[in-house]
Amino acid sequence: MSATTGTKSESGLGETIRVVIHALLIALVIRTFLFQPFNIPSGSMKATLLVGDYLFVSKYSYGYSHYSIPFSPNIFSGRIFGSEPNRGDIVVFRLPRDDSTDYIKRVIGLPGDRIEVRSGLLYINDEPIKRERLSDFVGEDPCGSADATAKVKRWKETLPNGVSYESLDCTDNSYMDNTIVYTVPPGHFFMMGDNRDNSTDSRFLSQVGYVPLENIIGRAQMIFFSIAEGEQAWMIWRWPFAVRWNRLFTIVR
């Protein structure tokens with residue numbers, strides 16, 4: 001009787017191990033080829049993305065590079081089933097100067113484009129983009145202060161391909177409100193944050209610069225969870241008040 005009990009126990013343990021292994025393999029396949037979760041740690045994409053947003057990034061949107069694989073083993077170069085992002089896409093990419101760091105920004109410049117900022121207005125190939133003043137952005141200060149009710153200038157920008165989004169302007173005549181003309185090299189892309197005065201992006205050539213297609217991981221698709229800045233997601237007893245319920249399952253644009 002004890003031998004039978006031992007056999008059943010071993011059989012149950014083996015089945016549990018198999019289920020766990022299968023679940024891990026399925027999760028690995030989903031993470032590598034379909035979707036990967038990311039969270040937003042900084043305010044560089046406010047007001048489109050807020051600190052505390054958790055989102056899914058589609059890995060298949062632009063094909064796969066070795067950065068698509070967990071731990072990024074350098075087993076091949078270039079992209080498989082590759083395609084270029086569209087202007088206006090929000091993408092996650094590996095920082096060119098430090099490929100262990102993930103960044104998320106909006107694609108502004110395509111290969112061959114000339115990008116410039118003049119008096120805070122974005123120019124693409126010597127043409128100013130369409131920009132419309134909106135009401136001020138209020139709350140969760142995008143400019144780095146502790147003021148929860150700060151008012152910041154907000155604009156609706158429309159790119160040449162018709163993609164529209166909101167951008168924020170913390171300060172008039174800030175450091176990057178007037179730039180050089182950037183010419184995007186072949187096979188590279190120019191990224192900018194929507195929070196223009198509080199974003200380290202392709203305008204800073206020594207820190208980010210032009211992003212190779214190979215470094216792009218995927219496209220931001222949907223916010224699946226969001227919690228107020230300064231709160232911890234694991235504190236589930238605070239969720240009724242800390243979760244931004246209106247942001248759950250919203251499409252990223």
# chains A, B, ... in the order shown; residues from 1 in each chain; ligands from 1
>>> select_by_dssp(residues="segment 54-96 of chain A", states="strand (DSSP E)", output="number ranges by chain")
A: 54-58, 90-95
>>> closest_residue(among="A:Gly230, A:Gly78, A:Gly14, A:Pro185", to="Pro41 of chain A", atoms="only C-alpha atoms")
A:Gly230
>>> atom_distance(atom1="atom CA of Ile217 of chain A", atom2="atom CA of Ser100 of chain A")
12.1 Å
>>> closest_residue(among="A:Ile115, A:Leu28, A:Val211, A:Leu248", to="Phe93 of chain A", atoms="only C-alpha atoms")
A:Val211
>>> closest_residue(among="A:Asp113, A:Glu229, A:Asp102, A:Glu140", to="Glu127 of chain A", atoms="only C-alpha atoms")
A:Asp113
>>> residues_around(residues="Ser135 of chain A", least_positions_apart="5", cutoff="9 Å", atoms="only C-alpha atoms", output="PyMOL selection string")
chain A and resi 152-155
>>> closest_residue(among="A:Phe204, A:Phe81, A:Phe76, A:Phe241", to="Gly63 of chain A", atoms="only C-alpha atoms")
A:Phe81
>>> atom_distance(atom1="atom CA of Ile104 of chain A", atom2="atom CA of Ile90 of chain A")
6.9 Å
>>> closest_residue(among="A:Ser72, A:Asn86, A:Thr183, A:Thr200", to="Val163 of chain A", atoms="only C-alpha atoms")
A:Asn86
>>> select_by_dssp(residues="segment 16-182 of chain A", states="helix (DSSP H, G or I)", output="list of chain:residue names")
A:Thr16, A:Ile17, A:Arg18, A:Val19, A:Val20, A:Ile21, A:His22, A:Ala23, A:Leu24, A:Leu25, A:Ile26, A:Ala27, A:Leu28, A:Val29, A:Ile30, A:Arg31, A:Thr32, A:Phe33, A:Leu34, A:His66, A:Tyr67, A:Ser68
>>> residues_around(residues="Ala220 of chain A", least_positions_apart="6", cutoff="8 Å", atoms="only C-alpha atoms", output="list in words")
Leu55, Phe56, Val57, Ser58, Asp89, Ile90, Val91, Val92 and Val252 of chain A
>>> closest_residue(among="A:Leu95, A:Leu168, A:Ile236, A:Ile251", to="Met222 of chain A", atoms="only C-alpha atoms")
A:Ile251
>>> residues_around(residues="Asp98 of chain A", least_positions_apart="6", cutoff="12 Å", atoms="only C-alpha atoms", output="PDB file with all heavy atoms, in the first residue's frame")
ATOM      1  N   SER A 206      25.210  62.385 -28.342  1.00  0.00           N
ATOM      2  CA  SER A 206      26.177  61.615 -27.558  1.00  0.00           C
ATOM      3  C   SER A 206      25.501  60.675 -26.570  1.00  0.00           C
ATOM      4  O   SER A 206      26.143  59.760 -26.045  1.00  0.00           O
ATOM      5  CB  SER A 206      27.124  62.560 -26.810  1.00  0.00           C
ATOM      6  OG  SER A 206      26.412  63.358 -25.874  1.00  0.00           O
ATOM      7  N   GLN A 207      24.205  60.893 -26.307  1.00  0.00           N
ATOM      8  CA  GLN A 207      23.511  60.065 -25.322  1.00  0.00           C
ATOM      9  C   GLN A 207      22.548  59.062 -25.959  1.00  0.00           C
ATOM     10  O   GLN A 207      22.408  57.938 -25.478  1.00  0.00           O
ATOM     11  CB  GLN A 207      22.748  60.964 -24.342  1.00  0.00           C
ATOM     12  CG  GLN A 207      23.671  61.891 -23.553  1.00  0.00           C
ATOM     13  CD  GLN A 207      22.900  62.802 -22.615  1.00  0.00           C
ATOM     14  OE1 GLN A 207      22.237  62.343 -21.681  1.00  0.00           O
ATOM     15  NE2 GLN A 207      22.979  64.105 -22.835  1.00  0.00           N
ATOM     16  N   VAL A 208      21.850  59.482 -27.004  1.00  0.00           N
ATOM     17  CA  VAL A 208      20.931  58.585 -27.710  1.00  0.00           C
ATOM     18  C   VAL A 208      21.277  58.555 -29.197  1.00  0.00           C
ATOM     19  O   VAL A 208      21.674  57.534 -29.740  1.00  0.00           O
ATOM     20  CB  VAL A 208      19.461  59.009 -27.511  1.00  0.00           C
ATOM     21  CG1 VAL A 208      18.536  58.068 -28.273  1.00  0.00           C
ATOM     22  CG2 VAL A 208      19.092  59.014 -26.027  1.00  0.00           C
ATOM     23  N   GLY A 209      21.113  59.695 -29.865  1.00  0.00           N
ATOM     24  CA  GLY A 209      21.454  59.767 -31.275  1.00  0.00           C
ATOM     25  C   GLY A 209      20.503  58.987 -32.167  1.00  0.00           C
ATOM     26  O   GLY A 209      19.366  58.670 -31.790  1.00  0.00           O
ATOM     27  N   VAL A 211      18.914  55.876 -34.043  1.00  0.00           N
ATOM     28  CA  VAL A 211      18.684  54.506 -33.565  1.00  0.00           C
ATOM     29  C   VAL A 211      18.650  53.538 -34.750  1.00  0.00           C
ATOM     30  O   VAL A 211      17.813  53.683 -35.651  1.00  0.00           O
ATOM     31  CB  VAL A 211      17.361  54.420 -32.780  1.00  0.00           C
ATOM     32  CG1 VAL A 211      17.089  52.985 -32.341  1.00  0.00           C
ATOM     33  CG2 VAL A 211      17.405  55.352 -31.570  1.00  0.00           C
ATOM     34  N   ASN A 215      18.081  47.820 -33.460  1.00  0.00           N
ATOM     35  CA  ASN A 215      17.898  48.034 -32.026  1.00  0.00           C
ATOM     36  C   ASN A 215      16.442  48.141 -31.599  1.00  0.00           C
ATOM     37  O   ASN A 215      16.138  48.166 -30.407  1.00  0.00           O
ATOM     38  CB  ASN A 215      18.630  49.314 -31.594  1.00  0.00           C
ATOM     39  CG  ASN A 215      20.132  49.132 -31.534  1.00  0.00           C
ATOM     40  OD1 ASN A 215      20.739  48.630 -32.462  1.00  0.00           O
ATOM     41  ND2 ASN A 215      20.736  49.544 -30.435  1.00  0.00           N
TER      42      ASN A 215
END
